[in-house]
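Structure file start_4.cif; described as mmCIF, C-alpha atoms (C1' of nucleotides).
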```cif
data_coords
loop_
_atom_site.label_atom_id
_atom_site.label_comp_id
_atom_site.auth_asym_id
_atom_site.auth_seq_id
_atom_site.Cartn_x
_atom_site.Cartn_y
_atom_site.Cartn_z
CA MET P 273 30.41 -62.14 -279.29
CA ARG P 274 29.37 -65.04 -277.24
CA ILE P 275 26.42 -64.72 -274.92
CA GLN P 276 26.36 -65.74 -271.23
CA ASP P 277 24.66 -69.02 -270.44
CA GLU P 278 21.75 -67.96 -268.23
CA THR P 279 20.96 -71.56 -267.36
CA LYS P 280 24.45 -71.92 -265.95
CA LYS P 281 24.17 -68.70 -263.97
CA ALA P 282 20.86 -69.80 -262.48
CA LEU P 283 22.31 -73.20 -261.60
CA VAL P 284 25.18 -71.50 -259.76
CA LYS P 285 22.73 -69.52 -257.64
CA GLU P 286 20.66 -72.58 -256.84
CA LYS P 287 23.65 -74.72 -255.91
CA ALA P 288 25.15 -71.90 -253.84
CA LEU P 289 22.05 -71.74 -251.66
CA GLU P 290 22.00 -75.52 -251.27
CA LEU P 291 25.66 -75.56 -250.30
CA LEU P 292 25.17 -72.80 -247.74
CA VAL P 293 22.24 -74.61 -246.14
CA GLU P 294 23.87 -78.01 -246.12
CA HIS P 295 27.35 -77.10 -244.89
CA GLY P 296 26.98 -73.61 -243.46
CA PHE P 297 29.13 -70.64 -244.32
CA GLU P 298 32.34 -72.26 -243.14
CA GLY P 299 31.71 -75.33 -245.32
CA PHE P 300 31.14 -73.21 -248.40
CA SER P 301 33.94 -72.69 -250.91
CA MET P 302 34.24 -71.43 -254.45
CA GLN P 303 35.83 -74.68 -255.61
CA LYS P 304 33.09 -76.79 -254.06
CA LEU P 305 30.45 -74.58 -255.65
CA ALA P 306 32.12 -74.85 -259.06
CA LYS P 307 32.28 -78.62 -258.80
CA GLU P 308 28.67 -78.80 -257.63
CA ALA P 309 27.49 -76.66 -260.55
CA GLY P 310 29.69 -78.54 -263.02
CA ILE P 311 31.68 -75.53 -264.14
CA SER P 312 35.20 -74.17 -263.81
CA PRO P 313 36.08 -72.15 -260.71
CA ALA P 314 37.29 -69.43 -263.03
CA THR P 315 33.79 -69.02 -264.45
CA LEU P 316 32.55 -67.91 -261.04
CA TYR P 317 34.90 -64.95 -261.31
CA ILE P 318 33.23 -63.91 -264.55
CA TYR P 319 29.86 -63.85 -262.81
CA TYR P 320 31.10 -62.33 -259.54
CA THR P 321 34.15 -60.27 -258.71
CA ASP P 322 34.96 -62.44 -255.68
CA LYS P 323 33.47 -64.65 -252.99
CA ASP P 324 32.31 -61.69 -250.96
CA ASP P 325 30.47 -60.29 -253.96
CA LEU P 326 28.83 -63.65 -254.61
CA ILE P 327 27.53 -64.03 -251.08
CA ARG P 328 26.44 -60.42 -250.89
CA THR P 329 24.60 -60.58 -254.22
CA LEU P 330 22.87 -63.78 -253.19
CA GLY P 331 21.87 -62.25 -249.87
CA ILE P 332 20.52 -59.08 -251.44
CA ASP P 333 18.57 -61.21 -253.93
CA LEU P 334 16.94 -63.10 -251.10
CA SER P 335 16.30 -59.96 -249.07
CA THR P 336 14.62 -58.25 -251.98
CA ARG P 337 12.36 -61.18 -252.75
CA PHE P 338 11.47 -61.54 -249.08
CA ALA P 339 10.67 -57.84 -248.70
CA GLU P 340 8.49 -57.78 -251.80
CA ASN P 341 6.61 -60.82 -250.57
CA THR P 342 6.13 -59.29 -247.14
CA LEU P 343 4.48 -56.18 -248.55
CA GLU P 344 2.24 -58.08 -250.94
CA GLY P 345 -1.36 -56.99 -250.38
CA PHE P 346 -0.31 -54.94 -247.35
CA ASP P 347 -1.29 -51.31 -246.92
CA SER P 348 -0.16 -49.12 -244.04
CA LYS P 349 -3.69 -47.73 -243.82
CA MET P 350 -5.12 -51.11 -242.87
CA PRO P 351 -6.62 -51.59 -239.41
CA LEU P 352 -4.16 -53.07 -236.90
CA ARG P 353 -5.63 -56.55 -236.78
CA GLU P 354 -5.99 -56.86 -240.53
CA GLY P 355 -2.54 -55.48 -241.31
CA LEU P 356 -0.81 -57.62 -238.71
CA LYS P 357 -2.62 -60.72 -239.89
CA LYS P 358 -1.53 -60.00 -243.47
CA GLN P 359 2.07 -59.51 -242.33
CA TRP P 360 2.17 -62.72 -240.34
CA HIS P 361 0.55 -64.60 -243.17
CA ASN P 362 2.92 -63.26 -245.80
CA ARG P 363 6.04 -63.84 -243.76
CA SER P 364 5.20 -67.34 -242.65
CA ARG P 365 3.89 -68.43 -246.04
CA TYR P 366 7.07 -67.29 -247.74
CA LEU P 367 9.47 -68.85 -245.25
CA LEU P 368 7.57 -72.13 -245.13
CA SER P 369 7.24 -72.50 -248.89
CA HIS P 370 10.90 -71.60 -249.48
CA PRO P 371 12.79 -73.47 -246.75
CA VAL P 372 16.12 -73.52 -248.62
CA GLU P 373 16.04 -69.77 -249.22
CA ALA P 374 14.94 -69.16 -245.65
CA ASN P 375 17.76 -71.21 -244.16
CA ALA P 376 20.32 -69.76 -246.57
CA TRP P 377 19.24 -66.26 -245.60
CA GLU P 378 19.77 -67.15 -241.96
CA VAL P 379 23.29 -68.38 -242.75
CA ILE P 380 24.14 -65.24 -244.69
CA ARG P 381 22.76 -63.03 -241.95
CA HIS P 382 25.38 -64.53 -239.61
CA SER P 383 28.16 -64.04 -242.14
CA PRO P 384 30.44 -61.02 -242.57
CA VAL P 385 27.93 -59.38 -244.95
CA GLY P 386 24.98 -60.09 -242.64
CA LEU P 387 24.22 -56.58 -241.45
CA GLU P 388 24.49 -55.16 -244.94
CA VAL P 389 22.07 -57.74 -246.31
CA ALA P 390 19.58 -57.34 -243.48
CA LYS P 391 19.51 -53.62 -244.07
CA VAL P 392 18.04 -54.21 -247.53
CA VAL P 393 14.93 -55.69 -245.94
CA THR P 394 14.48 -52.97 -243.36
CA THR P 395 14.99 -50.07 -245.73
CA ARG P 396 12.45 -51.62 -248.05
CA ILE P 397 9.72 -52.32 -245.51
CA GLY P 398 10.68 -49.95 -242.68
CA PRO P 399 8.80 -46.85 -243.84
CA ALA P 400 5.58 -48.79 -244.46
CA MET P 401 5.83 -50.32 -241.01
CA ALA P 402 6.43 -47.00 -239.29
CA ASP P 403 3.46 -45.49 -241.07
CA PHE P 404 1.29 -48.47 -240.16
CA VAL P 405 2.16 -48.12 -236.46
CA HIS P 406 1.59 -44.37 -236.58
CA ASN P 407 -1.87 -44.84 -238.06
CA ALA P 408 -2.81 -47.54 -235.55
CA VAL P 409 -1.85 -45.29 -232.64
CA ALA P 410 -3.82 -42.39 -234.13
CA ASN P 411 -6.85 -44.67 -234.46
CA LYS P 412 -6.47 -45.75 -230.83
CA GLU P 413 -6.03 -49.39 -231.85
CA LEU P 414 -2.54 -49.48 -230.39
CA LYS P 415 -0.82 -48.30 -227.21
CA GLU P 416 1.89 -45.73 -227.76
CA MET P 417 5.31 -47.36 -227.40
CA PRO P 418 8.84 -47.30 -228.85
CA LEU P 419 9.02 -48.84 -232.31
CA GLU P 420 11.51 -51.41 -231.03
CA VAL P 421 9.09 -52.59 -228.36
CA TYR P 422 6.29 -52.84 -230.90
CA TRP P 423 8.54 -54.81 -233.22
CA SER P 424 9.73 -57.18 -230.51
CA ILE P 425 6.19 -57.96 -229.40
CA THR P 426 4.75 -58.44 -232.87
CA TYR P 427 7.57 -60.32 -234.61
CA GLY P 428 9.62 -61.85 -231.79
CA PRO P 429 7.04 -64.58 -231.17
CA LEU P 430 6.39 -65.23 -234.87
CA TYR P 431 10.06 -65.68 -235.76
CA THR P 432 10.63 -67.81 -232.68
CA LEU P 433 7.92 -70.20 -233.84
CA LEU P 434 9.15 -70.16 -237.44
CA LYS P 435 12.68 -70.91 -236.25
CA PHE P 436 11.38 -73.90 -234.28
CA HIS P 437 9.67 -75.07 -237.43
CA LEU P 438 12.68 -74.61 -239.73
CA ASP P 439 14.88 -76.40 -237.19
CA GLY P 440 12.25 -79.12 -236.99
CA ARG P 441 12.39 -78.93 -233.22
CA SER P 442 11.58 -76.51 -230.46
CA PHE P 443 13.70 -75.39 -227.50
CA ALA P 444 12.68 -78.57 -225.74
CA SER P 445 14.24 -80.67 -228.54
CA THR P 446 10.77 -82.02 -229.22
CA PRO P 447 9.42 -82.14 -232.79
CA PHE P 448 7.49 -79.03 -233.74
CA LYS P 449 5.39 -78.10 -236.74
CA PHE P 450 4.13 -74.61 -237.43
CA SER P 451 0.48 -74.45 -238.47
CA GLU P 452 -2.22 -71.93 -239.37
CA GLN P 453 -3.88 -72.81 -236.06
CA VAL P 454 -0.79 -72.15 -233.94
CA MET P 455 -0.13 -68.92 -235.83
CA ASN P 456 -3.63 -67.57 -235.33
CA ASP P 457 -3.72 -68.49 -231.64
CA THR P 458 -0.40 -66.76 -231.04
CA LEU P 459 -1.43 -63.72 -233.04
CA GLU P 460 -4.53 -63.33 -230.86
CA LEU P 461 -2.30 -63.21 -227.78
CA VAL P 462 -0.10 -60.59 -229.40
CA LEU P 463 -3.09 -58.47 -230.36
CA LYS P 464 -4.29 -58.66 -226.79
CA ALA P 465 -0.94 -57.36 -225.57
CA LEU P 466 -1.05 -54.42 -227.96
CA LYS P 467 -4.58 -53.28 -227.25
CA PRO P 468 -4.66 -49.86 -225.47
CA MET I 40 56.62 -84.04 -213.97
CA ARG I 41 55.84 -80.59 -215.18
CA ILE I 42 52.46 -79.05 -214.41
CA GLN I 43 50.11 -77.35 -216.90
CA ASP I 44 50.19 -73.58 -216.93
CA GLU I 45 46.65 -72.64 -215.88
CA THR I 46 47.23 -68.98 -216.72
CA LYS I 47 48.02 -70.02 -220.28
CA LYS I 48 44.92 -72.21 -220.46
CA ALA I 49 42.71 -69.36 -219.23
CA LEU I 50 44.30 -66.96 -221.69
CA VAL I 51 43.51 -69.34 -224.54
CA LYS I 52 39.84 -69.41 -223.57
CA GLU I 53 39.66 -65.66 -223.29
CA LYS I 54 41.38 -65.02 -226.62
CA ALA I 55 39.26 -67.67 -228.32
CA LEU I 56 36.06 -65.86 -227.36
CA GLU I 57 37.48 -62.53 -228.48
CA LEU I 58 38.53 -64.01 -231.82
CA LEU I 59 35.12 -65.56 -232.38
CA VAL I 60 33.36 -62.29 -231.67
CA GLU I 61 35.68 -60.15 -233.72
CA HIS I 62 36.00 -62.26 -236.85
CA GLY I 63 33.16 -64.76 -236.63
CA PHE I 64 33.48 -68.51 -236.93
CA GLU I 65 34.91 -68.36 -240.46
CA GLY I 66 37.60 -65.93 -239.35
CA PHE I 67 38.65 -68.14 -236.47
CA SER I 68 41.60 -70.49 -236.84
CA MET I 69 43.85 -72.50 -234.55
CA GLN I 70 46.96 -70.73 -235.82
CA LYS I 71 45.45 -67.28 -235.27
CA LEU I 72 44.37 -68.28 -231.77
CA ALA I 73 47.84 -69.59 -230.95
CA LYS I 74 49.45 -66.39 -232.18
CA GLU I 75 46.93 -64.27 -230.27
CA ALA I 76 47.59 -66.18 -227.05
CA GLY I 77 51.35 -66.17 -227.64
CA ILE I 78 51.77 -69.94 -227.66
CA SER I 79 52.56 -72.66 -230.17
CA PRO I 80 49.70 -74.13 -232.21
CA ALA I 81 50.79 -77.54 -230.99
CA THR I 82 50.03 -76.55 -227.42
CA LEU I 83 46.37 -76.16 -228.32
CA TYR I 84 46.37 -79.85 -229.15
CA ILE I 85 47.50 -80.65 -225.65
CA TYR I 86 44.54 -78.72 -224.22
CA TYR I 87 41.99 -79.90 -226.81
CA THR I 88 41.88 -82.91 -229.08
CA ASP I 89 40.99 -80.77 -232.10
CA LYS I 90 39.27 -77.59 -233.24
CA ASP I 91 35.83 -79.13 -232.91
CA ASP I 92 36.56 -80.10 -229.32
CA LEU I 93 37.80 -76.61 -228.52
CA ILE I 94 34.70 -74.90 -229.88
CA ARG I 95 32.37 -77.43 -228.31
CA THR I 96 34.04 -77.16 -224.91
CA LEU I 97 33.92 -73.39 -225.07
CA GLY I 98 30.25 -73.49 -226.06
CA ILE I 99 29.31 -75.92 -223.31
CA ASP I 100 31.19 -73.75 -220.81
CA LEU I 101 29.16 -70.73 -221.85
CA SER I 102 25.91 -72.66 -221.90
CA THR I 103 26.46 -74.00 -218.42
CA ARG I 104 27.28 -70.61 -216.95
CA PHE I 105 24.29 -69.06 -218.70
CA ALA I 106 21.90 -71.74 -217.49
CA GLU I 107 23.12 -71.49 -213.89
CA ASN I 108 22.71 -67.73 -214.00
CA THR I 109 19.22 -68.03 -215.45
CA LEU I 110 18.01 -70.22 -212.62
CA GLU I 111 19.58 -68.08 -209.88
CA GLY I 112 16.90 -67.20 -207.35
CA PHE I 113 14.24 -68.75 -209.54
CA ASP I 114 11.75 -71.28 -208.25
CA SER I 115 9.15 -73.03 -210.39
CA LYS I 116 6.61 -72.50 -207.59
CA MET I 117 6.79 -68.72 -207.94
CA PRO I 118 3.72 -66.81 -209.12
CA LEU I 119 3.74 -66.13 -212.86
CA ARG I 120 4.57 -62.43 -212.67
CA GLU I 121 7.31 -62.86 -210.12
CA GLY I 122 8.92 -65.84 -211.85
CA LEU I 123 8.82 -64.25 -215.26
CA LYS I 124 10.29 -61.02 -213.93
CA LYS I 125 13.11 -62.95 -212.32
CA GLN I 126 13.78 -64.82 -215.56
CA TRP I 127 13.86 -61.66 -217.65
CA HIS I 128 16.06 -59.95 -215.12
CA ASN I 129 18.52 -62.82 -214.88
CA ARG I 130 18.80 -63.33 -218.61
CA SER I 131 19.19 -59.69 -219.52
CA ARG I 132 21.58 -58.92 -216.67
CA TYR I 133 23.84 -61.79 -217.68
CA LEU I 134 23.87 -60.99 -221.39
CA LEU I 135 24.40 -57.28 -220.83
CA SER I 136 27.21 -57.68 -218.33
CA HIS I 137 28.99 -60.31 -220.46
CA PRO I 138 28.73 -58.96 -224.02
CA VAL I 139 31.75 -60.89 -225.31
CA GLU I 140 30.43 -64.19 -223.97
CA ALA I 141 26.96 -63.39 -225.27
CA ASN I 142 28.16 -62.64 -228.77
CA ALA I 143 30.50 -65.63 -228.80
CA TRP I 144 27.65 -67.89 -227.76
CA GLU I 145 25.60 -66.55 -230.67
CA VAL I 146 28.47 -67.33 -233.06
CA ILE I 147 28.88 -70.85 -231.71
CA ARG I 148 25.13 -71.46 -231.88
CA HIS I 149 25.36 -70.90 -235.64
CA SER I 150 28.37 -73.19 -236.00
CA PRO I 151 28.41 -76.94 -236.69
CA VAL I 152 28.20 -77.69 -232.94
CA GLY I 153 25.37 -75.19 -232.40
CA LEU I 154 22.51 -77.57 -231.73
CA GLU I 155 24.58 -79.68 -229.39
CA VAL I 156 25.60 -76.64 -227.37
CA ALA I 157 22.11 -75.16 -227.23
CA LYS I 158 20.80 -78.45 -225.91
CA VAL I 159 22.92 -78.04 -222.78
CA VAL I 160 20.92 -74.95 -221.88
CA THR I 161 17.53 -76.47 -222.53
CA THR I 162 18.16 -79.73 -220.71
CA ARG I 163 19.37 -77.74 -217.72
CA ILE I 164 16.48 -75.27 -217.50
CA GLY I 165 13.75 -77.09 -219.45
CA PRO I 166 12.26 -79.12 -216.60
CA ALA I 167 12.05 -76.11 -214.26
CA MET I 168 10.34 -74.10 -217.00
CA ALA I 169 7.82 -76.83 -217.75
CA ASP I 170 6.99 -77.13 -214.06
CA PHE I 171 6.65 -73.37 -213.75
CA VAL I 172 4.17 -73.22 -216.63
CA HIS I 173 2.24 -76.16 -215.26
CA ASN I 174 1.86 -74.47 -211.89
CA ALA I 175 0.83 -71.16 -213.41
CA VAL I 176 -1.92 -72.86 -215.42
CA ALA I 177 -3.12 -74.74 -212.35
CA ASN I 178 -3.30 -71.44 -210.44
CA LYS I 179 -5.29 -69.86 -213.28
CA GLU I 180 -2.61 -67.22 -213.82
CA LEU I 181 -1.97 -68.43 -217.33
CA LYS I 182 -4.04 -69.49 -220.31
CA GLU I 183 -3.54 -73.08 -221.38
CA MET I 184 -1.40 -73.21 -224.52
CA PRO I 185 1.33 -75.25 -226.22
CA LEU I 186 4.71 -74.85 -224.52
CA GLU I 187 6.17 -73.51 -227.78
CA VAL I 188 3.57 -70.75 -227.94
CA TYR I 189 4.23 -69.82 -224.32
CA TRP I 190 7.96 -69.74 -224.98
CA SER I 191 7.63 -67.64 -228.14
CA ILE I 192 5.46 -65.07 -226.39
CA THR I 193 7.58 -64.79 -223.25
CA TYR I 194 11.09 -64.91 -224.68
CA GLY I 195 10.70 -63.92 -228.34
CA PRO I 196 10.28 -60.23 -227.45
CA LEU I 197 13.02 -60.23 -224.80
CA TYR I 198 15.65 -61.78 -227.06
CA THR I 199 14.63 -59.51 -229.92
CA LEU I 200 15.31 -56.47 -227.74
CA LEU I 201 18.55 -57.92 -226.39
CA LYS I 202 19.72 -58.64 -229.94
CA PHE I 203 19.00 -55.03 -230.90
CA HIS I 204 21.08 -53.96 -227.94
CA LEU I 205 24.01 -56.29 -228.62
CA ASP I 206 24.02 -55.23 -232.28
CA GLY I 207 23.89 -51.64 -231.10
CA ARG I 208 21.09 -50.95 -233.54
CA SER I 209 17.51 -52.01 -234.09
CA PHE I 210 15.78 -53.26 -237.25
CA ALA I 211 15.45 -49.63 -238.31
CA SER I 212 19.26 -49.19 -238.24
CA THR I 213 18.72 -46.59 -235.54
CA PRO I 214 20.80 -46.70 -232.34
CA PHE I 215 19.14 -48.68 -229.57
CA LYS I 216 19.93 -49.19 -225.92
CA PHE I 217 18.20 -51.76 -223.73
CA SER I 218 17.13 -50.43 -220.34
CA GLU I 219 15.33 -51.52 -217.18
CA GLN I 220 12.48 -49.22 -218.23
CA VAL I 221 12.09 -50.75 -221.72
CA MET I 222 12.31 -54.25 -220.26
CA ASN I 223 9.62 -53.64 -217.65
CA ASP I 224 7.28 -51.97 -220.13
CA THR I 225 7.63 -54.85 -222.55
CA LEU I 226 7.17 -57.42 -219.82
CA GLU I 227 3.89 -55.78 -218.82
CA LEU I 228 2.63 -56.23 -222.37
CA VAL I 229 3.67 -59.86 -222.36
CA LEU I 230 1.95 -60.50 -219.04
CA LYS I 231 -1.20 -58.95 -220.45
CA ALA I 232 -1.07 -61.33 -223.40
CA LEU I 233 -0.73 -64.35 -221.13
CA LYS I 234 -3.53 -63.51 -218.69
CA PRO I 235 -6.44 -65.99 -218.95
"C1'" DC X 202 66.45 -88.17 -213.87
"C1'" DA X 203 61.93 -89.28 -215.33
"C1'" DT X 204 57.95 -87.31 -217.25
"C1'" DA X 205 54.87 -84.45 -219.18
"C1'" DA X 206 54.46 -79.57 -220.88
"C1'" DA X 207 55.67 -76.80 -224.49
"C1'" DT X 208 57.65 -75.78 -228.68
"C1'" DA X 209 59.48 -74.92 -233.68
"C1'" DA X 210 59.01 -76.61 -237.88
"C1'" DA X 211 56.81 -79.05 -240.92
"C1'" DC X 212 52.88 -81.79 -243.28
"C1'" DG X 213 49.31 -82.48 -246.96
"C1'" DA X 214 44.88 -80.57 -248.06
"C1'" DA X 215 41.97 -77.02 -249.15
"C1'" DC X 216 41.41 -72.29 -249.85
"C1'" DA X 217 40.47 -67.89 -253.02
"C1'" DT X 218 42.05 -66.30 -257.01
"C1'" DT X 219 44.63 -65.82 -261.61
"C1'" DC X 220 46.56 -66.92 -266.11
"C1'" DA X 221 47.07 -68.70 -270.66
"C1'" DT X 222 44.26 -70.89 -273.70
"C1'" DT X 223 40.21 -72.72 -276.08
"C1'" DT X 224 35.39 -72.38 -277.54
"C1'" DA X 225 31.19 -70.46 -279.16
"C1'" DT X 226 28.74 -66.91 -281.39
"C1'" DC X 227 28.27 -62.55 -283.52
"C1'" DT X 228 29.69 -59.26 -287.33
"C1'" DT X 229 32.13 -58.23 -291.41
"C1'" DT X 230 33.66 -59.16 -295.83
"C1'" DG X 231 33.98 -61.36 -300.44
"C1'" DC U 175 25.64 -67.38 -298.48
"C1'" DA U 176 30.08 -68.81 -296.76
"C1'" DA U 177 34.58 -67.90 -294.90
"C1'" DA U 178 37.39 -64.85 -291.87
"C1'" DG U 179 37.89 -62.08 -288.09
"C1'" DA U 180 36.60 -60.23 -283.63
"C1'" DT U 181 35.12 -60.70 -279.01
"C1'" DA U 182 33.71 -62.31 -274.83
"C1'" DA U 183 32.40 -66.72 -272.43
"C1'" DA U 184 34.34 -70.57 -270.50
"C1'" DT U 185 37.92 -73.45 -269.09
"C1'" DG U 186 41.99 -76.50 -266.87
"C1'" DA U 187 45.80 -75.93 -264.49
"C1'" DA U 188 48.36 -73.48 -261.63
"C1'" DT U 189 49.43 -69.63 -258.10
"C1'" DG U 190 50.70 -68.51 -253.25
"C1'" DT U 191 48.41 -68.63 -248.82
"C1'" DT U 192 46.23 -70.44 -244.97
"C1'" DC U 193 44.07 -74.24 -242.92
"C1'" DG U 194 44.04 -78.14 -239.13
"C1'" DT U 195 47.12 -81.19 -237.39
"C1'" DT U 196 51.55 -83.96 -236.40
"C1'" DT U 197 56.35 -84.95 -235.37
"C1'" DA U 198 60.76 -84.52 -233.39
"C1'" DT U 199 62.86 -81.96 -230.00
"C1'" DT U 200 63.64 -78.99 -226.03
"C1'" DT U 201 62.32 -77.28 -221.45
"C1'" DA U 202 60.73 -77.19 -216.86
"C1'" DT U 203 59.52 -79.44 -212.68
"C1'" DG U 204 58.08 -83.39 -209.37
#
```
Using C-alpha cells, write down the structure from this file.
Amino acid sequence: MRIQDETKKALVKEKALELLVEHGFEGFSMQKLAKEAGISPATLYIYYTDKDDLIRTLGIDLSTRFAENTLEGFDSKMPLREGLKKQWHNRSRYLLSHPVEANAWEVIRHSPVGLEVAKVVTTRIGPAMADFVHNAVANKELKEMPLEVYWSITYGPLYTLLKFHLDGRSFASTPFKFSEQVMNDTLELVLKALKP
Amino acid sequence: MRIQDETKKALVKEKALELLVEHGFEGFSMQKLAKEAGISPATLYIYYTDKDDLIRTLGIDLSTRFAENTLEGFDSKMPLREGLKKQWHNRSRYLLSHPVEANAWEVIRHSPVGLEVAKVVTTRIGPAMADFVHNAVANKELKEMPLEVYWSITYGPLYTLLKFHLDGRSFASTPFKFSEQVMNDTLELVLKALKP
DNA sequence: CATAAATAAACGAACATTCATTTATCTTTG
DNA sequence: CAAAGATAAATGAATGTTCGTTTATTTATG
C-alpha cells in the first residue's frame, strides 16, 4: 500500500481557493488547478469524483469553518446586545482575517452548488439564532417581528459593509476600510431599530 | 442594402437573459444562445464584437433601466421619510415585476464585467443620493454618519429581503414572500435607527 | 446590381474526464 | 533482514466534447 500525500491534498485545496478568487468560477478549470498545484489532472480524480464534487466539498469545508467560528463564545441565552455584538465580532473577524476564503465562498455561493453550500451554514447556526431571538422577545429586549425581518435588519447592514471592505470600495467607488469603530457605530443604530 | 432584423436582435437579448438566469454565467455560451434564438452563431458577431461585449452591453442596459426606475418620482429635496419610502418602493417594485432581469443582473454582477456594470448604476444615482443625505442631515432628520454606514442601514435590509424573495426562500430555507406589509414594517425600523 | 445581413461549416484551443502505465510503500515470505 | 509480491497513489497522454470566433458563401433588400 502506498499512502496519500496529505501535503499534496492540502496544496490542491489552497490553490483551488486562490484560483476561484483570482479568476472566478468561469476561469476555474481542473487542468489549470492541476498545473497550479504541480500535479497530474488525473490525480484530482483520485481526490474528488468530479469537478462538482471538488467545488461542493470546498464550499462545505468553508461553510463549516465559518459556522463554527460564528458560534464561538456565543450562547442563545445571552442578552440581545451582548449576543449581537459577539455575532458581529465573530463574523467580521473571520471574514477580515481570511479574505481568500471569504471571497472564494462568495464565488461558490453564486455557482451551481451555491444554495446547497449555503444551507450548511444555516442548518448549523439557524436553531441557535431562532432560540436567541425567541429569548430576546421574551425578555422584552426585542420587538416581535418575522425572523426574516430581524435577520435583514441585523445582518443586512453588516454584510453590506463587509462587502464594501472585501471589494476595497463602496457603492460610490470610493476606497473603503471596515473598522472596529465603523462596526460599533453601525451596530448601535441597529440596536436602536430593534428596541421595543 | 439589407436592413437588420430588429425582431431577431430583441429575441437575442431576451433569450440571453433567460439563459443567464437558468444556467448561470458558466452555463452560458454563444452557441447555446444562437441555438436558443434560432440563428447562426456568426450572426451574434454582427450584433456584438464578442462575448464580453454582449454581456457588458446587456448588463449596462439593465443597469440603465434600473437606475432610471429608481429615480422615478424621486427628488433629493424630499423629506427623509418620503424620499426613502419612494426609493424602497421604486426598487422593490422594479425587481419584483422584472424577476428575470433582476436575476440576470445579479449573475452579471458576479461576472468578469460585474464592477464595470455596477458602476453605471452608482454614477447615475450616486449624486442624487449624496445630495439627499446632505439635505436630511441639514434638516436634522438624520444623524451625521459616513455615507457607507447610511447606505448599509438603508439598503442592506431591503436587498436582503428582496434576495430572500427572489430565491423563494430565506436563510432558514423556509418559503418567503416579500410584501408591501413586510417592506413598510422593515422601513419603519430603519427610520427609527436613522433618527437623530 | 450593389451592399450588408445572415448563414453553414469550420477553426484551434480549452474543457472535463479516462486509460494504460509507472511509482512508492506496505506485507509476506525465505 | 532482504527480496518478492501486492496494492493503491500518482502520472502523462489521450479521449470526445464544447468553447469563442472566423471564413467563405448565400440571401434579401435599397
Resolved residues for the PyMOL selection byres ((chain P and resi 354-359) around 12) as a VMD selection string: chain P and resid 338 to 353 360 to 366 397 400 to 401 403 to 405 407 to 408 413 to 414 422 to 423 425 to 427 430 452 455 to 460 462 to 463 466
Selection result of the PyMOL selection byres ((chain X) within 8 of (chain P)) on this file, as a PyMOL selection string: chain X and resi 216-217+225-227
Residues of chain I within 6 Å of chain P, all atoms listed in the file counted, as an MDAnalysis selection string: chainID I and resid 65 191:192 195:196 199 228 231:232
Per residue of chain U within 9 Å of chain I, which atom pair is closest and at what distance in Å (one decimal), using all atoms listed in the file, listed by chain and increasing number, as JSON lines?
```
{"residue": "U:DC193", "atom": "C1'", "partner": "I:Ser68", "partner_atom": "CA", "distance": 7.6}
{"residue": "U:DG194", "atom": "C1'", "partner": "I:Met69", "partner_atom": "CA", "distance": 7.3}
{"residue": "U:DT195", "atom": "C1'", "partner": "I:Asp89", "partner_atom": "CA", "distance": 8.1}
{"residue": "U:DT196", "atom": "C1'", "partner": "I:Ala81", "partner_atom": "CA", "distance": 8.4}
{"residue": "U:DA202", "atom": "C1'", "partner": "I:Arg41", "partner_atom": "CA", "distance": 6.2}
{"residue": "U:DT203", "atom": "C1'", "partner": "I:Arg41", "partner_atom": "CA", "distance": 4.6}
{"residue": "U:DG204", "atom": "C1'", "partner": "I:Met40", "partner_atom": "CA", "distance": 4.9}
```
Include C-alpha atoms (C1' of nucleotides) and write out the residues we just selected as a CSV table (one decimal), keeping the file's coordinate frame.
```
chain,number,residue,atom,x,y,z
U,193,DC,C1',44.1,-74.2,-242.9
U,194,DG,C1',44.0,-78.1,-239.1
U,195,DT,C1',47.1,-81.2,-237.4
U,196,DT,C1',51.6,-84.0,-236.4
U,202,DA,C1',60.7,-77.2,-216.9
U,203,DT,C1',59.5,-79.4,-212.7
U,204,DG,C1',58.1,-83.4,-209.4
```
9 Å contact set for stretch 220-223 of chain X, all atoms listed in the file, chain neighbours under 3 positions out, as a count of residues only: 4
Pairwise distance for atom CA of I:Arg163 and atom CA of P:Lys449, rounded to one decimal in Å: 23.6 Å
Pairwise distance for atom C1' of X:DT224 and atom CA of P:Ala309, rounded to one decimal in Å: 19.2 Å
For U:DG179: contacts at 10 Å, only C-alpha atoms (C1' of nucleotides), fewer than 5 positions along chain excluded, given as a list in words: DT228, DT229 and DT230 of chain X
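Atom CA of P:Tyr319 lies 12.7 Å from atom C1' of U:DA182.
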Residue contacts of I:Glu57 (9 Å, only C-alpha atoms (C1' of nucleotides)) excluding same-chain residues fewer than 6 positions away, as number ranges by chain: I: 139-140, 143
Residues matched by the PyMOL selection byres ((chain U and resi 199) around 12) as number ranges by chain: X: 207-210; U: 197-198, 200-201
Around all the atoms of stretch 198-202 of chain U listed in the file, with 5 Å of room on each side, what axis-aligned box do you get, giving centre and edge lengths in Å to one decimal, as JSON?
```
{"center_x": 62.2, "center_y": -80.9, "center_z": -225.1, "size_x": 12.9, "size_y": 17.3, "size_z": 26.5}
```
